[in-house]
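Structure first, commentary second.
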There are 6 protein chains.
Amino acid sequence: MSDFNTGLPSIRQIQSSIKDKREVELKLVTNDLLMGKILWQDSNCICLVDENEQQILIWRRAIAYLKPKA
Amino acid sequence: MSDFNTGLPSIRQIQSSIKDKREVELKLVTNDLLMGKILWQDSNCICLVDENEQQILIWRRAIAYLKPKA
Amino acid sequence: MSDFNTGLPSIRQIQSSIKDKREVELKLVTNDLLMGKILWQDSNCICLVDENEQQILIWRRAIAYLKPKA
Amino acid sequence: MSDFNTGLPSIRQIQSSIKDKREVELKLVTNDLLMGKILWQDSNCICLVDENEQQILIWRRAIAYLKPKA
Amino acid sequence: MSDFNTGLPSIRQIQSSIKDKREVELKLVTNDLLMGKILWQDSNCICLVDENEQQILIWRRAIAYLKPKA
Amino acid sequence: MSDFNTGLPSIRQIQSSIKDKREVELKLVTNDLLMGKILWQDSNCICLVDENEQQILIWRRAIAYLKPKA
């Protein structure tokens, strides 16, 4: 499990992506590259909404990196 | 081990997939893509029933993402 | 380390595979697919006996999923 | 979660890379090789700025190694 | 870190491989297959001696399975 | 995080590699094979110096095995 302290910069940066409805790219350890907007985060997962309005529940443990959509 | 708090959005979202018997896709870190309905979850595993009524015990640690069946 | 509480459904399901000497398939994160009967489990490992009566000590951390032999 | 004790050599070495704005290479478990300057670190992530001034949030759990840019 | 309780079956089975100087095969998550005799174990690692009398320090976290040499 | 107890054989063996300035090979879960001398270790990382005197900060979590340079 991650350190889910809402005062941490990494948690706050994701929180501001949620508020600003920013498009992001999420690279997973499977090498999948997922794109969309983050809907919410909790200590286990990040919930992404893709362009088809489909919700994808992504395990934090499986995330390699997150960046703004190119 | 995951944070298995039934108040967490990620745990509740899986719980509602179970109640609604929704078809889901589970992508694993092995790059396997499993499809079926979730029967139950606990802190270690998610139990999936596939179209052949076969029960598959999936380790949470090995899950990359979960989404509604396309 | 896993949550090795013998009241958990995932731990009990493996326990009943042991009692019933059911043939199972274990998919590992290495993409190895191991087949056999489970002899015992503890908090670190699952011990599998294959068709050559060889005991294989499998790390829980390396398991992706477990299902009845096809 | 990592051991995020600011007295640890590994944490201090990253902290001095941040202060000196050193260019680094980060190899991930996905085999991605990311290059840039480290902006900040917390217990979950390292934030890298690449040559296009894009911020990349990298999960510590996904890092294999870090070295000065060749 | 693993659960390194010397009363656990998995820890005791490795301990008896050490005493009996049994030849084993260790499959790693990198898909490397290492062969040799186990010299000692602690909570982080298993130390293997290969046929060239070379000591290899193997991270438990990286082990998929262990079995008697075929 | 690893069990970083300086009394553990695995920690002491690395410590004696540091004192003796032994050349080692480190295999990572990415399948990278790094060679050099270990400069220091802490609970998160091992710092390796390669033949170009370049310091590489290696995450313990990403290490598969360590052995003397062949």
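Numbering starts fresh at 1 for the residues of each chain in the structure tokens, the chains themselves are lettered A, B, ... in the order given, and ligands are numbered from 1 as they appear.
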
Chain A contacts to chain D at 12 Å (only C-alpha atoms) as a PDB file with all heavy atoms, in the first residue's frame:
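What landed in result_7.pdb:
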ATOM      1  N   MET A   1       0.835  -1.210   0.000  1.00  0.00           N
ATOM      2  CA  MET A   1       0.000   0.000   0.000  1.00  0.00           C
ATOM      3  C   MET A   1       0.865   1.254   0.000  1.00  0.00           C
ATOM      4  O   MET A   1       1.959   1.277   0.571  1.00  0.00           O
ATOM      5  CB  MET A   1      -0.920  -0.110   1.229  1.00  0.00           C
ATOM      6  CG  MET A   1      -1.035   1.060   2.165  1.00  0.00           C
ATOM      7  SD  MET A   1      -2.267   0.777   3.491  1.00  0.00           S
ATOM      8  CE  MET A   1      -1.298  -0.109   4.716  1.00  0.00           C
ATOM      9  N   SER A   2       0.429   2.293  -0.660  1.00  0.00           N
ATOM     10  CA  SER A   2       1.166   3.554  -0.756  1.00  0.00           C
ATOM     11  C   SER A   2       0.990   4.377   0.510  1.00  0.00           C
ATOM     12  O   SER A   2       0.164   4.079   1.358  1.00  0.00           O
ATOM     13  CB  SER A   2       0.657   4.371  -1.935  1.00  0.00           C
ATOM     14  OG  SER A   2       0.858   3.681  -3.137  1.00  0.00           O
ATOM     15  N   ASP A   3       1.820   5.395   0.606  1.00  0.00           N
ATOM     16  CA  ASP A   3       1.692   6.348   1.706  1.00  0.00           C
ATOM     17  C   ASP A   3       0.672   7.384   1.240  1.00  0.00           C
ATOM     18  O   ASP A   3       0.980   8.259   0.442  1.00  0.00           O
ATOM     19  CB  ASP A   3       3.074   6.976   1.954  1.00  0.00           C
ATOM     20  CG  ASP A   3       3.088   7.848   3.207  1.00  0.00           C
ATOM     21  OD1 ASP A   3       2.033   7.995   3.856  1.00  0.00           O
ATOM     22  OD2 ASP A   3       4.159   8.380   3.521  1.00  0.00           O
ATOM     23  N   PHE A   4      -0.601   7.256   1.700  1.00  0.00           N
ATOM     24  CA  PHE A   4      -1.680   8.120   1.207  1.00  0.00           C
ATOM     25  C   PHE A   4      -1.964   9.245   2.200  1.00  0.00           C
ATOM     26  O   PHE A   4      -2.987   9.269   2.880  1.00  0.00           O
ATOM     27  CB  PHE A   4      -2.939   7.304   0.933  1.00  0.00           C
ATOM     28  CG  PHE A   4      -3.941   8.048   0.085  1.00  0.00           C
ATOM     29  CD1 PHE A   4      -3.649   8.344  -1.234  1.00  0.00           C
ATOM     30  CD2 PHE A   4      -5.142   8.479   0.622  1.00  0.00           C
ATOM     31  CE1 PHE A   4      -4.552   9.047  -2.017  1.00  0.00           C
ATOM     32  CE2 PHE A   4      -6.057   9.175  -0.162  1.00  0.00           C
ATOM     33  CZ  PHE A   4      -5.761   9.466  -1.478  1.00  0.00           C
ATOM     34  N   ASN A   5      -0.999  10.161   2.237  1.00  0.00           N
ATOM     35  CA  ASN A   5      -1.084  11.316   3.112  1.00  0.00           C
ATOM     36  C   ASN A   5      -1.392  12.503   2.205  1.00  0.00           C
ATOM     37  O   ASN A   5      -0.586  12.822   1.315  1.00  0.00           O
ATOM     38  CB  ASN A   5       0.271  11.472   3.824  1.00  0.00           C
ATOM     39  CG  ASN A   5       0.314  12.676   4.713  1.00  0.00           C
ATOM     40  OD1 ASN A   5      -0.365  13.668   4.468  1.00  0.00           O
ATOM     41  ND2 ASN A   5       1.139  12.604   5.751  1.00  0.00           N
ATOM     42  N   THR A   6      -2.544  13.126   2.390  1.00  0.00           N
ATOM     43  CA  THR A   6      -2.972  14.176   1.456  1.00  0.00           C
ATOM     44  C   THR A   6      -2.086  15.419   1.492  1.00  0.00           C
ATOM     45  O   THR A   6      -2.259  16.327   0.681  1.00  0.00           O
ATOM     46  CB  THR A   6      -4.444  14.566   1.709  1.00  0.00           C
ATOM     47  OG1 THR A   6      -4.567  14.887   3.095  1.00  0.00           O
ATOM     48  CG2 THR A   6      -5.384  13.436   1.360  1.00  0.00           C
ATOM     49  N   GLY A   7      -1.127  15.436   2.407  1.00  0.00           N
ATOM     50  CA  GLY A   7      -0.190  16.553   2.440  1.00  0.00           C
ATOM     51  C   GLY A   7       1.029  16.321   1.548  1.00  0.00           C
ATOM     52  O   GLY A   7       1.786  17.253   1.284  1.00  0.00           O
ATOM     53  N   LEU A   8       1.187  15.104   1.063  1.00  0.00           N
ATOM     54  CA  LEU A   8       2.350  14.779   0.214  1.00  0.00           C
ATOM     55  C   LEU A   8       2.234  15.451  -1.159  1.00  0.00           C
ATOM     56  O   LEU A   8       1.166  15.434  -1.764  1.00  0.00           O
ATOM     57  CB  LEU A   8       2.443  13.269  -0.014  1.00  0.00           C
ATOM     58  CG  LEU A   8       2.908  12.416   1.151  1.00  0.00           C
ATOM     59  CD1 LEU A   8       2.814  10.945   0.772  1.00  0.00           C
ATOM     60  CD2 LEU A   8       4.337  12.763   1.552  1.00  0.00           C
ATOM     61  N   PRO A   9       3.346  15.988  -1.676  1.00  0.00           N
ATOM     62  CA  PRO A   9       3.328  16.621  -3.001  1.00  0.00           C
ATOM     63  C   PRO A   9       2.746  15.715  -4.094  1.00  0.00           C
ATOM     64  O   PRO A   9       1.969  16.188  -4.931  1.00  0.00           O
ATOM     65  CB  PRO A   9       4.807  16.902  -3.273  1.00  0.00           C
ATOM     66  CG  PRO A   9       5.418  17.057  -1.925  1.00  0.00           C
ATOM     67  CD  PRO A   9       4.660  16.102  -1.025  1.00  0.00           C
ATOM     68  N   SER A  10       3.101  14.405  -4.077  1.00  0.00           N
ATOM     69  CA  SER A  10       2.618  13.505  -5.139  1.00  0.00           C
ATOM     70  C   SER A  10       1.099  13.345  -5.083  1.00  0.00           C
ATOM     71  O   SER A  10       0.429  13.300  -6.117  1.00  0.00           O
ATOM     72  CB  SER A  10       3.297  12.143  -5.057  1.00  0.00           C
ATOM     73  OG  SER A  10       3.086  11.553  -3.793  1.00  0.00           O
ATOM     74  N   ILE A  11       0.562  13.268  -3.862  1.00  0.00           N
ATOM     75  CA  ILE A  11      -0.899  13.133  -3.708  1.00  0.00           C
ATOM     76  C   ILE A  11      -1.584  14.460  -4.089  1.00  0.00           C
ATOM     77  O   ILE A  11      -2.616  14.463  -4.763  1.00  0.00           O
ATOM     78  CB  ILE A  11      -1.256  12.735  -2.252  1.00  0.00           C
ATOM     79  CG1 ILE A  11      -0.555  11.409  -1.847  1.00  0.00           C
ATOM     80  CG2 ILE A  11      -2.769  12.637  -2.048  1.00  0.00           C
ATOM     81  CD1 ILE A  11      -0.962  10.203  -2.628  1.00  0.00           C
ATOM     82  N   ARG A  12      -0.985  15.568  -3.688  1.00  0.00           N
ATOM     83  CA  ARG A  12      -1.574  16.878  -4.021  1.00  0.00           C
ATOM     84  C   ARG A  12      -1.512  17.165  -5.512  1.00  0.00           C
ATOM     85  O   ARG A  12      -2.438  17.754  -6.071  1.00  0.00           O
ATOM     86  CB  ARG A  12      -0.854  17.987  -3.244  1.00  0.00           C
ATOM     87  CG  ARG A  12      -1.351  18.066  -1.781  1.00  0.00           C
ATOM     88  CD  ARG A  12      -0.829  19.285  -1.089  1.00  0.00           C
ATOM     89  NE  ARG A  12       0.593  19.180  -0.851  1.00  0.00           N
ATOM     90  CZ  ARG A  12       1.499  20.091  -1.218  1.00  0.00           C
ATOM     91  NH1 ARG A  12       1.123  21.188  -1.859  1.00  0.00           N
ATOM     92  NH2 ARG A  12       2.777  19.903  -0.945  1.00  0.00           N
ATOM     93  N   GLN A  13      -0.445  16.746  -6.185  1.00  0.00           N
ATOM     94  CA  GLN A  13      -0.330  16.987  -7.627  1.00  0.00           C
ATOM     95  C   GLN A  13      -1.421  16.222  -8.383  1.00  0.00           C
ATOM     96  O   GLN A  13      -2.017  16.751  -9.320  1.00  0.00           O
ATOM     97  CB  GLN A  13       1.056  16.560  -8.117  1.00  0.00           C
ATOM     98  CG  GLN A  13       1.284  16.878  -9.587  1.00  0.00           C
ATOM     99  CD  GLN A  13       2.746  17.158  -9.903  1.00  0.00           C
ATOM    100  OE1 GLN A  13       3.451  17.771  -9.092  1.00  0.00           O
ATOM    101  NE2 GLN A  13       3.207  16.725 -11.046  1.00  0.00           N
ATOM    102  N   ILE A  14      -1.702  14.986  -7.938  1.00  0.00           N
ATOM    103  CA  ILE A  14      -2.791  14.213  -8.558  1.00  0.00           C
ATOM    104  C   ILE A  14      -4.128  14.883  -8.239  1.00  0.00           C
ATOM    105  O   ILE A  14      -4.995  15.008  -9.089  1.00  0.00           O
ATOM    106  CB  ILE A  14      -2.749  12.741  -8.077  1.00  0.00           C
ATOM    107  CG1 ILE A  14      -1.474  12.072  -8.615  1.00  0.00           C
ATOM    108  CG2 ILE A  14      -3.999  11.972  -8.508  1.00  0.00           C
ATOM    109  CD1 ILE A  14      -1.157  10.712  -8.017  1.00  0.00           C
ATOM    110  N   SER A  17      -4.697  17.648 -10.560  1.00  0.00           N
ATOM    111  CA  SER A  17      -5.064  17.135 -11.899  1.00  0.00           C
ATOM    112  C   SER A  17      -6.559  16.827 -11.945  1.00  0.00           C
ATOM    113  O   SER A  17      -7.217  17.040 -12.973  1.00  0.00           O
ATOM    114  CB  SER A  17      -4.303  15.847 -12.226  1.00  0.00           C
ATOM    115  OG  SER A  17      -2.935  16.094 -12.393  1.00  0.00           O
ATOM    116  N   VAL A  24      -4.192  13.298 -18.796  1.00  0.00           N
ATOM    117  CA  VAL A  24      -2.904  12.730 -18.399  1.00  0.00           C
ATOM    118  C   VAL A  24      -2.604  11.424 -19.136  1.00  0.00           C
ATOM    119  O   VAL A  24      -3.501  10.794 -19.713  1.00  0.00           O
ATOM    120  CB  VAL A  24      -2.844  12.455 -16.865  1.00  0.00           C
ATOM    121  CG1 VAL A  24      -2.973  13.752 -16.064  1.00  0.00           C
ATOM    122  CG2 VAL A  24      -3.901  11.446 -16.443  1.00  0.00           C
ATOM    123  N   GLU A  25      -1.340  11.065 -19.113  1.00  0.00           N
ATOM    124  CA  GLU A  25      -0.890   9.759 -19.601  1.00  0.00           C
ATOM    125  C   GLU A  25      -0.369   8.970 -18.417  1.00  0.00           C
ATOM    126  O   GLU A  25       0.426   9.484 -17.628  1.00  0.00           O
ATOM    127  CB  GLU A  25       0.269   9.922 -20.593  1.00  0.00           C
ATOM    128  CG  GLU A  25      -0.116  10.456 -21.941  1.00  0.00           C
ATOM    129  CD  GLU A  25       1.092  10.519 -22.878  1.00  0.00           C
ATOM    130  OE1 GLU A  25       2.147   9.948 -22.545  1.00  0.00           O
ATOM    131  OE2 GLU A  25       0.949  11.157 -23.929  1.00  0.00           O
ATOM    132  N   LEU A  26      -0.785   7.731 -18.306  1.00  0.00           N
ATOM    133  CA  LEU A  26      -0.333   6.863 -17.229  1.00  0.00           C
ATOM    134  C   LEU A  26       0.369   5.659 -17.839  1.00  0.00           C
ATOM    135  O   LEU A  26      -0.249   4.892 -18.578  1.00  0.00           O
ATOM    136  CB  LEU A  26      -1.526   6.380 -16.389  1.00  0.00           C
ATOM    137  CG  LEU A  26      -1.886   7.226 -15.166  1.00  0.00           C
ATOM    138  CD1 LEU A  26      -3.288   6.890 -14.705  1.00  0.00           C
ATOM    139  CD2 LEU A  26      -0.895   6.960 -14.030  1.00  0.00           C
ATOM    140  N   LYS A  27       1.650   5.528 -17.521  1.00  0.00           N
ATOM    141  CA  LYS A  27       2.398   4.367 -18.009  1.00  0.00           C
ATOM    142  C   LYS A  27       2.389   3.307 -16.916  1.00  0.00           C
ATOM    143  O   LYS A  27       2.737   3.596 -15.760  1.00  0.00           O
ATOM    144  CB  LYS A  27       3.831   4.789 -18.315  1.00  0.00           C
ATOM    145  CG  LYS A  27       4.722   3.685 -18.836  1.00  0.00           C
ATOM    146  CD  LYS A  27       4.378   3.344 -20.282  1.00  0.00           C
ATOM    147  CE  LYS A  27       5.256   2.251 -20.843  1.00  0.00           C
ATOM    148  NZ  LYS A  27       6.502   2.744 -21.400  1.00  0.00           N
ATOM    149  N   LEU A  28       1.992   2.095 -17.274  1.00  0.00           N
ATOM    150  CA  LEU A  28       1.926   1.017 -16.287  1.00  0.00           C
ATOM    151  C   LEU A  28       3.136   0.086 -16.407  1.00  0.00           C
ATOM    152  O   LEU A  28       3.838   0.107 -17.421  1.00  0.00           O
ATOM    153  CB  LEU A  28       0.637   0.214 -16.471  1.00  0.00           C
ATOM    154  CG  LEU A  28      -0.669   1.010 -16.426  1.00  0.00           C
ATOM    155  CD1 LEU A  28      -1.857   0.060 -16.377  1.00  0.00           C
ATOM    156  CD2 LEU A  28      -0.718   1.970 -15.258  1.00  0.00           C
ATOM    157  N   VAL A  29       3.345  -0.724 -15.372  1.00  0.00           N
ATOM    158  CA  VAL A  29       4.470  -1.666 -15.405  1.00  0.00           C
ATOM    159  C   VAL A  29       4.271  -2.766 -16.457  1.00  0.00           C
ATOM    160  O   VAL A  29       5.212  -3.455 -16.828  1.00  0.00           O
ATOM    161  CB  VAL A  29       4.746  -2.312 -14.015  1.00  0.00           C
ATOM    162  CG1 VAL A  29       5.212  -1.264 -13.024  1.00  0.00           C
ATOM    163  CG2 VAL A  29       3.537  -3.055 -13.490  1.00  0.00           C
ATOM    164  N   THR A  30       3.066  -2.905 -16.956  1.00  0.00           N
ATOM    165  CA  THR A  30       2.758  -3.814 -18.064  1.00  0.00           C
ATOM    166  C   THR A  30       3.160  -3.196 -19.402  1.00  0.00           C
ATOM    167  O   THR A  30       2.979  -3.817 -20.443  1.00  0.00           O
ATOM    168  CB  THR A  30       1.233  -4.054 -18.152  1.00  0.00           C
ATOM    169  OG1 THR A  30       0.606  -2.759 -18.131  1.00  0.00           O
ATOM    170  CG2 THR A  30       0.737  -4.878 -17.000  1.00  0.00           C
ATOM    171  N   ASN A  31       3.595  -1.944 -19.347  1.00  0.00           N
ATOM    172  CA  ASN A  31       3.924  -1.127 -20.520  1.00  0.00           C
ATOM    173  C   ASN A  31       2.685  -0.593 -21.234  1.00  0.00           C
ATOM    174  O   ASN A  31       2.821   0.062 -22.273  1.00  0.00           O
ATOM    175  CB  ASN A  31       4.884  -1.855 -21.473  1.00  0.00           C
ATOM    176  CG  ASN A  31       6.335  -1.588 -21.094  1.00  0.00           C
ATOM    177  OD1 ASN A  31       6.723  -0.430 -20.926  1.00  0.00           O
ATOM    178  ND2 ASN A  31       7.127  -2.629 -20.904  1.00  0.00           N
ATOM    179  N   ASP A  32       1.494  -0.804 -20.669  1.00  0.00           N
ATOM    180  CA  ASP A  32       0.293  -0.148 -21.188  1.00  0.00           C
ATOM    181  C   ASP A  32       0.407   1.352 -20.957  1.00  0.00           C
ATOM    182  O   ASP A  32       0.903   1.800 -19.918  1.00  0.00           O
ATOM    183  CB  ASP A  32      -0.964  -0.638 -20.433  1.00  0.00           C
ATOM    184  CG  ASP A  32      -1.403  -2.024 -20.850  1.00  0.00           C
ATOM    185  OD1 ASP A  32      -1.764  -2.182 -22.028  1.00  0.00           O
ATOM    186  OD2 ASP A  32      -1.385  -2.939 -20.011  1.00  0.00           O
ATOM    187  N   LEU A  33      -0.054   2.128 -21.930  1.00  0.00           N
ATOM    188  CA  LEU A  33      -0.104   3.585 -21.782  1.00  0.00           C
ATOM    189  C   LEU A  33      -1.574   3.997 -21.832  1.00  0.00           C
ATOM    190  O   LEU A  33      -2.229   3.865 -22.863  1.00  0.00           O
ATOM    191  CB  LEU A  33       0.701   4.266 -22.902  1.00  0.00           C
ATOM    192  CG  LEU A  33       0.845   5.768 -22.767  1.00  0.00           C
ATOM    193  CD1 LEU A  33       1.705   6.129 -21.565  1.00  0.00           C
ATOM    194  CD2 LEU A  33       1.489   6.356 -24.033  1.00  0.00           C
ATOM    195  N   SER A  43      -6.067   5.114  -1.537  1.00  0.00           N
ATOM    196  CA  SER A  43      -4.746   4.559  -1.216  1.00  0.00           C
ATOM    197  C   SER A  43      -4.367   3.356  -2.079  1.00  0.00           C
ATOM    198  O   SER A  43      -3.189   3.038  -2.195  1.00  0.00           O
ATOM    199  CB  SER A  43      -4.674   4.176   0.263  1.00  0.00           C
ATOM    200  OG  SER A  43      -5.717   3.300   0.599  1.00  0.00           O
ATOM    201  N   ARG A  60      -2.349   1.487  -8.014  1.00  0.00           N
ATOM    202  CA  ARG A  60      -1.152   2.326  -7.804  1.00  0.00           C
ATOM    203  C   ARG A  60       0.120   1.512  -7.945  1.00  0.00           C
ATOM    204  O   ARG A  60       1.119   1.969  -8.472  1.00  0.00           O
ATOM    205  CB  ARG A  60      -1.143   2.905  -6.375  1.00  0.00           C
ATOM    206  CG  ARG A  60      -1.988   4.106  -6.213  1.00  0.00           C
ATOM    207  CD  ARG A  60      -1.901   4.615  -4.782  1.00  0.00           C
ATOM    208  NE  ARG A  60      -2.818   5.731  -4.645  1.00  0.00           N
ATOM    209  CZ  ARG A  60      -2.505   6.985  -4.965  1.00  0.00           C
ATOM    210  NH1 ARG A  60      -1.299   7.295  -5.354  1.00  0.00           N
ATOM    211  NH2 ARG A  60      -3.413   7.936  -4.859  1.00  0.00           N
ATOM    212  N   ARG A  61       0.078   0.313  -7.411  1.00  0.00           N
ATOM    213  CA  ARG A  61       1.213  -0.599  -7.425  1.00  0.00           C
ATOM    214  C   ARG A  61       1.710  -0.895  -8.840  1.00  0.00           C
ATOM    215  O   ARG A  61       2.853  -1.296  -9.031  1.00  0.00           O
ATOM    216  CB  ARG A  61       0.740  -1.892  -6.752  1.00  0.00           C
ATOM    217  CG  ARG A  61       1.708  -2.980  -6.573  1.00  0.00           C
ATOM    218  CD  ARG A  61       0.982  -4.167  -5.975  1.00  0.00           C
ATOM    219  NE  ARG A  61       0.742  -4.032  -4.561  1.00  0.00           N
ATOM    220  CZ  ARG A  61       1.681  -4.264  -3.628  1.00  0.00           C
ATOM    221  NH1 ARG A  61       2.872  -4.646  -3.996  1.00  0.00           N
ATOM    222  NH2 ARG A  61       1.394  -4.120  -2.362  1.00  0.00           N
ATOM    223  N   ALA A  62       0.813  -0.707  -9.816  1.00  0.00           N
ATOM    224  CA  ALA A  62       1.146  -1.040 -11.201  1.00  0.00           C
ATOM    225  C   ALA A  62       1.540   0.183 -12.026  1.00  0.00           C
ATOM    226  O   ALA A  62       1.806   0.075 -13.216  1.00  0.00           O
ATOM    227  CB  ALA A  62      -0.036  -1.747 -11.851  1.00  0.00           C
ATOM    228  N   ILE A  63       1.585   1.356 -11.382  1.00  0.00           N
ATOM    229  CA  ILE A  63       1.907   2.589 -12.124  1.00  0.00           C
ATOM    230  C   ILE A  63       3.412   2.827 -12.156  1.00  0.00           C
ATOM    231  O   ILE A  63       4.087   2.715 -11.137  1.00  0.00           O
ATOM    232  CB  ILE A  63       1.198   3.810 -11.494  1.00  0.00           C
ATOM    233  CG1 ILE A  63      -0.319   3.598 -11.508  1.00  0.00           C
ATOM    234  CG2 ILE A  63       1.571   5.091 -12.229  1.00  0.00           C
ATOM    235  CD1 ILE A  63      -1.110   4.684 -10.787  1.00  0.00           C
ATOM    236  N   ALA A  64       3.929   3.164 -13.336  1.00  0.00           N
ATOM    237  CA  ALA A  64       5.342   3.524 -13.471  1.00  0.00           C
ATOM    238  C   ALA A  64       5.489   5.045 -13.416  1.00  0.00           C
ATOM    239  O   ALA A  64       6.259   5.574 -12.643  1.00  0.00           O
ATOM    240  CB  ALA A  64       5.929   2.972 -14.753  1.00  0.00           C
ATOM    241  N   TYR A  65       4.730   5.742 -14.268  1.00  0.00           N
ATOM    242  CA  TYR A  65       4.759   7.208 -14.186  1.00  0.00           C
ATOM    243  C   TYR A  65       3.477   7.831 -14.718  1.00  0.00           C
ATOM    244  O   TYR A  65       2.673   7.162 -15.378  1.00  0.00           O
ATOM    245  CB  TYR A  65       5.991   7.809 -14.881  1.00  0.00           C
ATOM    246  CG  TYR A  65       6.080   7.590 -16.372  1.00  0.00           C
ATOM    247  CD1 TYR A  65       5.345   8.371 -17.264  1.00  0.00           C
ATOM    248  CD2 TYR A  65       6.937   6.633 -16.904  1.00  0.00           C
ATOM    249  CE1 TYR A  65       5.452   8.193 -18.625  1.00  0.00           C
ATOM    250  CE2 TYR A  65       7.043   6.445 -18.261  1.00  0.00           C
ATOM    251  CZ  TYR A  65       6.295   7.231 -19.125  1.00  0.00           C
ATOM    252  OH  TYR A  65       6.396   7.052 -20.477  1.00  0.00           O
ATOM    253  N   LEU A  66       3.317   9.110 -14.423  1.00  0.00           N
ATOM    254  CA  LEU A  66       2.154   9.891 -14.828  1.00  0.00           C
ATOM    255  C   LEU A  66       2.663  11.225 -15.358  1.00  0.00           C
ATOM    256  O   LEU A  66       3.498  11.866 -14.719  1.00  0.00           O
ATOM    257  CB  LEU A  66       1.260  10.102 -13.591  1.00  0.00           C
ATOM    258  CG  LEU A  66      -0.050  10.872 -13.710  1.00  0.00           C
ATOM    259  CD1 LEU A  66      -0.971  10.488 -12.541  1.00  0.00           C
ATOM    260  CD2 LEU A  66       0.123  12.378 -13.695  1.00  0.00           C
ATOM    261  N   LYS A  67       2.162  11.623 -16.527  1.00  0.00           N
ATOM    262  CA  LYS A  67       2.549  12.947 -17.020  1.00  0.00           C
ATOM    263  C   LYS A  67       1.404  13.580 -17.795  1.00  0.00           C
ATOM    264  O   LYS A  67       0.452  12.892 -18.167  1.00  0.00           O
ATOM    265  CB  LYS A  67       3.824  12.865 -17.859  1.00  0.00           C
ATOM    266  CG  LYS A  67       3.752  12.023 -19.104  1.00  0.00           C
ATOM    267  CD  LYS A  67       5.092  12.076 -19.847  1.00  0.00           C
ATOM    268  CE  LYS A  67       4.987  11.407 -21.192  1.00  0.00           C
ATOM    269  NZ  LYS A  67       6.271  11.408 -21.920  1.00  0.00           N
ATOM    270  N   PRO A  68       1.474  14.903 -18.025  1.00  0.00           N
ATOM    271  CA  PRO A  68       0.420  15.566 -18.796  1.00  0.00           C
ATOM    272  C   PRO A  68       0.379  14.957 -20.194  1.00  0.00           C
ATOM    273  O   PRO A  68       1.432  14.574 -20.722  1.00  0.00           O
ATOM    274  CB  PRO A  68       0.889  17.021 -18.885  1.00  0.00           C
ATOM    275  CG  PRO A  68       1.990  17.173 -17.888  1.00  0.00           C
ATOM    276  CD  PRO A  68       2.549  15.822 -17.618  1.00  0.00           C
ATOM    277  N   LYS A  69      -0.814  14.876 -20.784  1.00  0.00           N
ATOM    278  CA  LYS A  69      -0.934  14.307 -22.134  1.00  0.00           C
ATOM    279  C   LYS A  69      -0.117  15.138 -23.117  1.00  0.00           C
ATOM    280  O   LYS A  69      -0.157  16.368 -23.058  1.00  0.00           O
ATOM    281  CB  LYS A  69      -2.406  14.256 -22.552  1.00  0.00           C
ATOM    282  CG  LYS A  69      -2.660  13.291 -23.693  1.00  0.00           C
ATOM    283  CD  LYS A  69      -4.108  13.242 -24.081  1.00  0.00           C
ATOM    284  CE  LYS A  69      -4.242  12.691 -25.499  1.00  0.00           C
ATOM    285  NZ  LYS A  69      -5.648  12.794 -25.964  1.00  0.00           N
ATOM    286  N   ALA A  70       0.622  14.455 -23.945  1.00  0.00           N
ATOM    287  CA  ALA A  70       1.529  15.150 -24.882  1.00  0.00           C
ATOM    288  C   ALA A  70       0.727  15.908 -25.936  1.00  0.00           C
ATOM    289  O   ALA A  70      -0.407  15.546 -26.251  1.00  0.00           O
ATOM    290  CB  ALA A  70       2.438  14.132 -25.546  1.00  0.00           C
TER     291      ALA A  70
END

Name the residues in contact with Asp50 (chain D) at a cut-off of 10 Å, using only C-alpha atoms, excluding same-chain residues fewer than 6 positions from it; report them as a ChimeraX atom specification. /D:23-24,34-38,56

How would the residues just picked look written out with N, CA and C atoms as a PDB file, in the first residue's frame?
ATOM      1  N   GLU D  23      21.554  16.883 -14.261  1.00  0.00           N
ATOM      2  CA  GLU D  23      20.808  16.056 -15.222  1.00  0.00           C
ATOM      3  C   GLU D  23      20.999  14.598 -14.836  1.00  0.00           C
ATOM      4  N   VAL D  24      19.912  13.851 -14.761  1.00  0.00           N
ATOM      5  CA  VAL D  24      19.999  12.442 -14.375  1.00  0.00           C
ATOM      6  C   VAL D  24      19.283  11.535 -15.378  1.00  0.00           C
ATOM      7  N   LEU D  34      14.252   7.515 -18.531  1.00  0.00           N
ATOM      8  CA  LEU D  34      13.800   8.907 -18.521  1.00  0.00           C
ATOM      9  C   LEU D  34      14.971   9.814 -18.166  1.00  0.00           C
ATOM     10  N   MET D  35      15.055  10.971 -18.830  1.00  0.00           N
ATOM     11  CA  MET D  35      16.133  11.915 -18.556  1.00  0.00           C
ATOM     12  C   MET D  35      15.594  13.284 -18.184  1.00  0.00           C
ATOM     13  N   GLY D  36      16.282  13.962 -17.280  1.00  0.00           N
ATOM     14  CA  GLY D  36      15.856  15.302 -16.889  1.00  0.00           C
ATOM     15  C   GLY D  36      16.466  15.685 -15.558  1.00  0.00           C
ATOM     16  N   LYS D  37      15.857  16.732 -14.944  1.00  0.00           N
ATOM     17  CA  LYS D  37      16.308  17.180 -13.627  1.00  0.00           C
ATOM     18  C   LYS D  37      15.225  16.845 -12.594  1.00  0.00           C
ATOM     19  N   ILE D  38      15.651  16.461 -11.417  1.00  0.00           N
ATOM     20  CA  ILE D  38      14.673  16.133 -10.375  1.00  0.00           C
ATOM     21  C   ILE D  38      14.208  17.432  -9.708  1.00  0.00           C
ATOM     22  N   ILE D  56       7.136  14.933 -14.965  1.00  0.00           N
ATOM     23  CA  ILE D  56       6.782  13.512 -14.949  1.00  0.00           C
ATOM     24  C   ILE D  56       6.840  13.015 -13.506  1.00  0.00           C
TER      25      ILE D  56
END

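CA of Glu51 (chain E) is found 25.1 Å from CA of Ile18 (chain F).
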